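Raw protein_4.pdb, PDB, C-alpha atoms:
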```
MODEL        1
ATOM      1  CA  VAL A 320     109.325 110.407 114.568
ATOM      2  CA  GLN A 321     105.744 111.511 114.119
ATOM      3  CA  LEU A 322     102.561 109.558 114.645
ATOM      4  CA  GLN A 323      99.606 110.681 112.578
ATOM      5  CA  ALA A 324      96.213 109.443 113.695
ATOM      6  CA  SER A 325      92.970 109.662 111.764
ATOM      7  CA  GLY A 326      89.452 108.277 111.651
ATOM      8  CA  GLY A 327      87.653 109.670 114.680
ATOM      9  CA  GLY A 328      84.241 111.243 114.573
ATOM     10  CA  LEU A 329      80.627 110.978 115.599
ATOM     11  CA  VAL A 330      78.841 107.662 115.311
ATOM     12  CA  GLN A 331      75.538 106.311 116.565
ATOM     13  CA  PRO A 332      75.403 103.537 119.148
ATOM     14  CA  GLY A 333      75.918 100.191 117.465
ATOM     15  CA  GLY A 334      77.937 101.752 114.703
ATOM     16  CA  SER A 335      81.546 101.282 113.640
ATOM     17  CA  LEU A 336      84.633 103.394 113.160
ATOM     18  CA  ARG A 337      88.147 102.616 112.067
ATOM     19  CA  LEU A 338      91.097 104.519 113.477
ATOM     20  CA  SER A 339      94.447 104.543 111.724
ATOM     21  CA  CYS A 340      97.861 105.643 112.908
ATOM     22  CA  ALA A 341     100.981 105.938 110.797
ATOM     23  CA  ALA A 342     104.479 106.445 112.140
ATOM     24  CA  SER A 343     106.873 108.411 109.998
ATOM     25  CA  GLY A 344     110.527 109.052 110.454
ATOM     26  CA  SER A 345     113.270 106.805 111.710
ATOM     27  CA  ILE A 346     111.472 104.641 114.222
ATOM     28  CA  PHE A 347     113.157 101.660 115.870
ATOM     29  CA  SER A 348     112.303  98.335 114.265
ATOM     30  CA  ASN A 349     111.379  96.448 117.452
ATOM     31  CA  ASN A 350     108.302  98.478 118.098
ATOM     32  CA  VAL A 351     104.871  98.230 119.570
ATOM     33  CA  LEU A 352     102.133 100.428 118.138
ATOM     34  CA  GLY A 353      98.910 100.828 120.014
ATOM     35  CA  TRP A 354      96.051 102.902 121.299
ATOM     36  CA  TYR A 355      95.057 104.447 124.599
ATOM     37  CA  ARG A 356      91.838 106.270 125.269
ATOM     38  CA  GLN A 357      90.707 108.754 127.868
ATOM     39  CA  ALA A 358      87.104 109.567 128.543
ATOM     40  CA  PRO A 359      86.054 112.764 130.334
ATOM     41  CA  GLY A 360      86.667 112.438 134.043
ATOM     42  CA  LYS A 361      88.262 109.004 133.721
ATOM     43  CA  GLN A 362      91.774 107.646 133.772
ATOM     44  CA  ARG A 363      93.603 106.845 130.603
ATOM     45  CA  GLU A 364      93.007 103.269 129.509
ATOM     46  CA  LEU A 365      95.112 101.008 127.308
ATOM     47  CA  VAL A 366      92.833  99.761 124.556
ATOM     48  CA  ALA A 367      94.966  97.670 122.239
ATOM     49  CA  TYR A 368      98.397  97.220 120.745
ATOM     50  CA  ALA A 369     100.136  95.241 118.039
ATOM     51  CA  ILE A 370     103.747  94.129 118.076
ATOM     52  CA  ARG A 371     105.819  94.276 114.936
ATOM     53  CA  GLY A 372     106.553  90.700 113.980
ATOM     54  CA  GLY A 373     103.473  89.323 115.670
ATOM     55  CA  GLY A 374     101.433  89.491 118.823
ATOM     56  CA  TYR A 375      98.707  91.780 119.980
ATOM     57  CA  TYR A 376      96.634  92.801 122.993
ATOM     58  CA  ILE A 377      92.988  93.806 123.330
ATOM     59  CA  ALA A 378      91.574  95.155 126.588
ATOM     60  CA  ASP A 379      88.806  93.113 128.177
ATOM     61  CA  SER A 380      86.496  96.126 128.050
ATOM     62  CA  VAL A 381      86.498  96.058 124.235
ATOM     63  CA  LYS A 382      87.283  92.428 123.491
ATOM     64  CA  GLY A 383      84.902  90.985 120.932
ATOM     65  CA  ARG A 384      84.098  94.433 119.544
ATOM     66  CA  PHE A 385      87.469  95.981 118.696
ATOM     67  CA  THR A 386      90.285  94.494 116.680
ATOM     68  CA  VAL A 387      93.803  95.797 116.174
ATOM     69  CA  SER A 388      95.928  95.171 113.125
ATOM     70  CA  ARG A 389      99.113  96.439 111.583
ATOM     71  CA  ASP A 390     100.844  96.225 108.262
ATOM     72  CA  LYS A 391     103.810  93.873 108.616
ATOM     73  CA  ASP A 392     105.943  95.980 106.327
ATOM     74  CA  LYS A 393     104.924  99.427 107.494
ATOM     75  CA  ASN A 394     104.714 101.185 110.807
ATOM     76  CA  THR A 395     100.971 101.592 110.787
ATOM     77  CA  VAL A 396      98.323 100.363 113.169
ATOM     78  CA  ASP A 397      94.568 100.290 112.763
ATOM     79  CA  LEU A 398      91.841  99.956 115.362
ATOM     80  CA  GLN A 399      88.551  98.628 114.049
ATOM     81  CA  MET A 400      85.772  99.486 116.469
ATOM     82  CA  ASN A 401      82.406  97.772 116.105
ATOM     83  CA  SER A 402      79.227  97.762 118.171
ATOM     84  CA  LEU A 403      80.185 101.075 119.698
ATOM     85  CA  THR A 404      78.442 102.269 122.836
ATOM     86  CA  PRO A 405      78.355 105.685 124.517
ATOM     87  CA  GLU A 406      80.899 104.305 126.992
ATOM     88  CA  ASP A 407      83.422 104.179 124.167
ATOM     89  CA  THR A 408      83.302 107.960 123.822
ATOM     90  CA  ALA A 409      86.830 109.204 124.447
ATOM     91  CA  VAL A 410      89.896 110.753 122.952
ATOM     92  CA  TYR A 411      91.910 107.950 121.366
ATOM     93  CA  SER A 412      95.669 108.389 121.111
ATOM     94  CA  CYS A 413      98.122 106.181 119.314
ATOM     95  CA  TYR A 414     101.601 105.527 120.650
ATOM     96  CA  ALA A 415     104.855 103.800 119.842
ATOM     97  CA  LYS A 416     107.366 102.182 122.152
ATOM     98  CA  ARG A 417     110.104  99.619 122.127
ATOM     99  CA  ILE A 418     109.134  96.022 122.751
ATOM    100  CA  GLY A 419     109.514  95.314 126.459
ATOM    101  CA  ALA A 420     109.923  98.956 127.423
ATOM    102  CA  GLY A 421     107.878 100.382 130.239
ATOM    103  CA  THR A 422     107.621 103.876 128.851
ATOM    104  CA  ILE A 423     106.059 105.338 125.755
ATOM    105  CA  ASP A 424     108.523 106.788 123.296
ATOM    106  CA  TYR A 425     106.158 108.637 120.985
ATOM    107  CA  TRP A 426     102.562 109.839 121.073
ATOM    108  CA  GLY A 427     100.299 110.832 118.261
ATOM    109  CA  GLN A 428      97.715 113.548 118.527
ATOM    110  CA  GLY A 429      94.436 112.386 119.984
ATOM    111  CA  THR A 430      91.390 111.809 117.873
ATOM    112  CA  LEU A 431      87.942 112.204 119.368
ATOM    113  CA  VAL A 432      85.409 109.412 119.091
ATOM    114  CA  THR A 433      81.886 110.345 120.106
ATOM    115  CA  VAL A 434      79.187 107.702 120.292
ATOM    116  CA  SER A 435      75.797 109.332 120.566
ATOM    117  CA  SER A 436      72.372 109.233 119.065
TER     118      SER A 436
ENDMDL
END
```

Can you turn what I pasted into structure tokens?
Amino acid sequence: VQLQASGGGLVQPGGSLRLSCAASGSIFSNNVLGWYRQAPGKQRELVAYAIRGGGYYIADSVKGRFTVSRDKDKNTVDLQMNSLTPEDTAVYSCYAKRIGAGTIDYWGQGTLVTVSS
């Protein structure tokens, strides 16, 4: 299984970016796809996830600005990020795990999001 992330880049404060992650290969059907981020000098933070079949989570730190969505027929997950601030600058990594599992099964490569004027 491979997770391919895309969509990072440089954006001005107040701007928007959309991250996408696609899982390829034989991934288990009862999966959760989501995003973590890690800013320089900070701990990794769970940002959002979407459960295949329904259900999602958005961290309080981004609630109202970020939305997570996934295609119900495909193993893809998108993170729409609006009203970005410099505090959102981080490496964003997508992941996949089984529903209810405590550990991550697969990680995608990180994609850098830089919010700066």

Tyr411 (chain A) proximity check over A:Ser380, A:Gln428, A:Gln331, A:Gln399, using all atoms listed in the file: winner is A:Gln428

Just the residues within 6 Å of Ala367 (chain A), please, counting all atoms listed in the file, with nothing from its chain fewer than 6 positions along; format it as a PDB file with C-alpha atoms, in the frame of the given file.
```pdb
ATOM      1  CA  GLY A 353      98.910 100.828 120.014  1.00  0.00           C
ATOM      2  CA  TRP A 354      96.051 102.902 121.299  1.00  0.00           C
ATOM      3  CA  TYR A 376      96.634  92.801 122.993  1.00  0.00           C
ATOM      4  CA  ILE A 377      92.988  93.806 123.330  1.00  0.00           C
TER       5      ILE A 377
END
```

Name the residues that the PyMOL selection byres ((chain A and resi 347) around 10) picks from the file above, as a list in words, using the file's chain letters and numbers. Val320, Gly344, Ser345, Ile346, Ser348, Asn349, Asn350, Val351, Asn394, Ala415, Lys416, Arg417 and Ile418 of chain A

TODO: Give me the result of the PyMOL selection byres ((chain A and resi 361) around 12) on this file, residue by residue, as a ChimeraX atom specification.
DONE: /A:356-360,362-364,406-410

(request) Would you write out, as a VMD selection string, every residue that the PyMOL selection byres ((chain A and resi 338) around 8) captures in this file? (result) chain A and resid 324 to 327 336 to 337 339 to 340 397 to 400

Those residues you just picked out, can you put them in a file as a JSON list (two decimals), in the frame of the given file with C-alpha atoms?
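So selection16.json came out as:
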```json
[["chain", "number", "residue", "atom", "x", "y", "z"],
["A", 324, "ALA", "CA", 96.21, 109.44, 113.70],
["A", 325, "SER", "CA", 92.97, 109.66, 111.76],
["A", 326, "GLY", "CA", 89.45, 108.28, 111.65],
["A", 327, "GLY", "CA", 87.65, 109.67, 114.68],
["A", 336, "LEU", "CA", 84.63, 103.39, 113.16],
["A", 337, "ARG", "CA", 88.15, 102.62, 112.07],
["A", 339, "SER", "CA", 94.45, 104.54, 111.72],
["A", 340, "CYS", "CA", 97.86, 105.64, 112.91],
["A", 397, "ASP", "CA", 94.57, 100.29, 112.76],
["A", 398, "LEU", "CA", 91.84, 99.96, 115.36],
["A", 399, "GLN", "CA", 88.55, 98.63, 114.05],
["A", 400, "MET", "CA", 85.77, 99.49, 116.47]]
```

A straight line from CA of Ala369 (chain A) to CA of Val381 (chain A) spans 15.0 Å

Legend entry - d(CA of Gly373 (chain A), CA of Thr386 (chain A)) in Å: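 It comes out at 14.2 Å.
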
Because some atoms of region 375-386 of chain A are absent here, can you restore all heavy atoms and send them as a PDB file, in the frame of the given file?
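Contents of result-v2.pdb, freshly written:
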```pdb
ATOM      1  N   TYR A 375      99.565  90.633 119.772  1.00  0.00           N
ATOM      2  CA  TYR A 375      98.707  91.780 119.980  1.00  0.00           C
ATOM      3  C   TYR A 375      98.012  91.646 121.332  1.00  0.00           C
ATOM      4  O   TYR A 375      98.037  90.581 121.972  1.00  0.00           O
ATOM      5  CB  TYR A 375      97.660  91.916 118.866  1.00  0.00           C
ATOM      6  CG  TYR A 375      96.662  90.789 118.815  1.00  0.00           C
ATOM      7  CD1 TYR A 375      95.438  90.870 119.499  1.00  0.00           C
ATOM      8  CD2 TYR A 375      96.919  89.620 118.103  1.00  0.00           C
ATOM      9  CE1 TYR A 375      94.526  89.832 119.475  1.00  0.00           C
ATOM     10  CE2 TYR A 375      96.011  88.579 118.085  1.00  0.00           C
ATOM     11  CZ  TYR A 375      94.815  88.694 118.759  1.00  0.00           C
ATOM     12  OH  TYR A 375      93.919  87.656 118.737  1.00  0.00           O
ATOM     13  N   TYR A 376      97.386  92.756 121.729  1.00  0.00           N
ATOM     14  CA  TYR A 376      96.634  92.801 122.993  1.00  0.00           C
ATOM     15  C   TYR A 376      95.354  93.588 122.757  1.00  0.00           C
ATOM     16  O   TYR A 376      95.360  94.603 122.055  1.00  0.00           O
ATOM     17  CB  TYR A 376      97.474  93.491 124.071  1.00  0.00           C
ATOM     18  CG  TYR A 376      96.684  93.922 125.282  1.00  0.00           C
ATOM     19  CD1 TYR A 376      96.427  93.040 126.321  1.00  0.00           C
ATOM     20  CD2 TYR A 376      96.180  95.220 125.374  1.00  0.00           C
ATOM     21  CE1 TYR A 376      95.696  93.439 127.423  1.00  0.00           C
ATOM     22  CE2 TYR A 376      95.450  95.620 126.472  1.00  0.00           C
ATOM     23  CZ  TYR A 376      95.218  94.729 127.493  1.00  0.00           C
ATOM     24  OH  TYR A 376      94.484  95.124 128.572  1.00  0.00           O
ATOM     25  N   ILE A 377      94.269  93.094 123.348  1.00  0.00           N
ATOM     26  CA  ILE A 377      92.988  93.806 123.330  1.00  0.00           C
ATOM     27  C   ILE A 377      92.485  93.859 124.771  1.00  0.00           C
ATOM     28  O   ILE A 377      92.416  92.828 125.447  1.00  0.00           O
ATOM     29  CB  ILE A 377      91.935  93.082 122.461  1.00  0.00           C
ATOM     30  CG1 ILE A 377      92.392  92.997 121.009  1.00  0.00           C
ATOM     31  CG2 ILE A 377      90.590  93.790 122.556  1.00  0.00           C
ATOM     32  CD1 ILE A 377      92.310  94.296 120.254  1.00  0.00           C
ATOM     33  N   ALA A 378      92.099  95.018 125.232  1.00  0.00           N
ATOM     34  CA  ALA A 378      91.574  95.155 126.588  1.00  0.00           C
ATOM     35  C   ALA A 378      90.263  94.391 126.739  1.00  0.00           C
ATOM     36  O   ALA A 378      89.469  94.309 125.790  1.00  0.00           O
ATOM     37  CB  ALA A 378      91.354  96.626 126.918  1.00  0.00           C
ATOM     38  N   ASP A 379      90.034  93.864 127.918  1.00  0.00           N
ATOM     39  CA  ASP A 379      88.806  93.113 128.177  1.00  0.00           C
ATOM     40  C   ASP A 379      87.558  93.956 127.921  1.00  0.00           C
ATOM     41  O   ASP A 379      86.528  93.437 127.499  1.00  0.00           O
ATOM     42  CB  ASP A 379      88.792  92.612 129.615  1.00  0.00           C
ATOM     43  CG  ASP A 379      89.764  91.464 129.835  1.00  0.00           C
ATOM     44  OD1 ASP A 379      90.209  90.848 128.845  1.00  0.00           O
ATOM     45  OD2 ASP A 379      90.084  91.185 131.012  1.00  0.00           O
ATOM     46  N   SER A 380      87.666  95.244 128.181  1.00  0.00           N
ATOM     47  CA  SER A 380      86.496  96.126 128.050  1.00  0.00           C
ATOM     48  C   SER A 380      86.012  96.246 126.598  1.00  0.00           C
ATOM     49  O   SER A 380      84.875  96.653 126.360  1.00  0.00           O
ATOM     50  CB  SER A 380      86.817  97.512 128.604  1.00  0.00           C
ATOM     51  OG  SER A 380      87.931  98.071 127.917  1.00  0.00           O
ATOM     52  N   VAL A 381      86.881  95.913 125.647  1.00  0.00           N
ATOM     53  CA  VAL A 381      86.498  96.058 124.235  1.00  0.00           C
ATOM     54  C   VAL A 381      86.638  94.755 123.463  1.00  0.00           C
ATOM     55  O   VAL A 381      86.364  94.709 122.254  1.00  0.00           O
ATOM     56  CB  VAL A 381      87.326  97.166 123.543  1.00  0.00           C
ATOM     57  CG1 VAL A 381      87.139  98.494 124.262  1.00  0.00           C
ATOM     58  CG2 VAL A 381      88.803  96.786 123.478  1.00  0.00           C
ATOM     59  N   LYS A 382      87.057  93.705 124.162  1.00  0.00           N
ATOM     60  CA  LYS A 382      87.283  92.428 123.491  1.00  0.00           C
ATOM     61  C   LYS A 382      85.978  91.938 122.863  1.00  0.00           C
ATOM     62  O   LYS A 382      84.909  92.028 123.464  1.00  0.00           O
ATOM     63  CB  LYS A 382      87.811  91.412 124.487  1.00  0.00           C
ATOM     64  CG  LYS A 382      88.449  90.184 123.856  1.00  0.00           C
ATOM     65  CD  LYS A 382      89.202  89.383 124.911  1.00  0.00           C
ATOM     66  CE  LYS A 382      90.426  90.111 125.401  1.00  0.00           C
ATOM     67  NZ  LYS A 382      91.226  89.323 126.372  1.00  0.00           N
ATOM     68  N   GLY A 383      86.080  91.442 121.652  1.00  0.00           N
ATOM     69  CA  GLY A 383      84.902  90.985 120.932  1.00  0.00           C
ATOM     70  C   GLY A 383      84.263  92.072 120.087  1.00  0.00           C
ATOM     71  O   GLY A 383      83.411  91.785 119.240  1.00  0.00           O
ATOM     72  N   ARG A 384      84.654  93.312 120.322  1.00  0.00           N
ATOM     73  CA  ARG A 384      84.098  94.433 119.544  1.00  0.00           C
ATOM     74  C   ARG A 384      85.186  95.173 118.759  1.00  0.00           C
ATOM     75  O   ARG A 384      84.931  95.670 117.659  1.00  0.00           O
ATOM     76  CB  ARG A 384      83.385  95.424 120.463  1.00  0.00           C
ATOM     77  CG  ARG A 384      82.238  94.815 121.247  1.00  0.00           C
ATOM     78  CD  ARG A 384      81.468  95.883 122.030  1.00  0.00           C
ATOM     79  NE  ARG A 384      82.307  96.553 123.018  1.00  0.00           N
ATOM     80  CZ  ARG A 384      82.538  97.850 123.031  1.00  0.00           C
ATOM     81  NH1 ARG A 384      82.027  98.634 122.091  1.00  0.00           N
ATOM     82  NH2 ARG A 384      83.290  98.385 123.982  1.00  0.00           N
ATOM     83  N   PHE A 385      86.365  95.264 119.334  1.00  0.00           N
ATOM     84  CA  PHE A 385      87.469  95.981 118.696  1.00  0.00           C
ATOM     85  C   PHE A 385      88.520  94.970 118.231  1.00  0.00           C
ATOM     86  O   PHE A 385      88.743  93.949 118.881  1.00  0.00           O
ATOM     87  CB  PHE A 385      88.158  96.933 119.680  1.00  0.00           C
ATOM     88  CG  PHE A 385      87.355  98.124 120.090  1.00  0.00           C
ATOM     89  CD1 PHE A 385      85.994  98.225 119.872  1.00  0.00           C
ATOM     90  CD2 PHE A 385      87.988  99.174 120.758  1.00  0.00           C
ATOM     91  CE1 PHE A 385      85.271  99.326 120.270  1.00  0.00           C
ATOM     92  CE2 PHE A 385      87.280 100.285 121.167  1.00  0.00           C
ATOM     93  CZ  PHE A 385      85.924 100.361 120.928  1.00  0.00           C
ATOM     94  N   THR A 386      89.141  95.277 117.130  1.00  0.00           N
ATOM     95  CA  THR A 386      90.285  94.494 116.680  1.00  0.00           C
ATOM     96  C   THR A 386      91.421  95.452 116.306  1.00  0.00           C
ATOM     97  O   THR A 386      91.167  96.574 115.853  1.00  0.00           O
ATOM     98  CB  THR A 386      89.953  93.605 115.466  1.00  0.00           C
ATOM     99  OG1 THR A 386      89.443  94.423 114.401  1.00  0.00           O
ATOM    100  CG2 THR A 386      88.926  92.556 115.813  1.00  0.00           C
TER     101      THR A 386
END
```
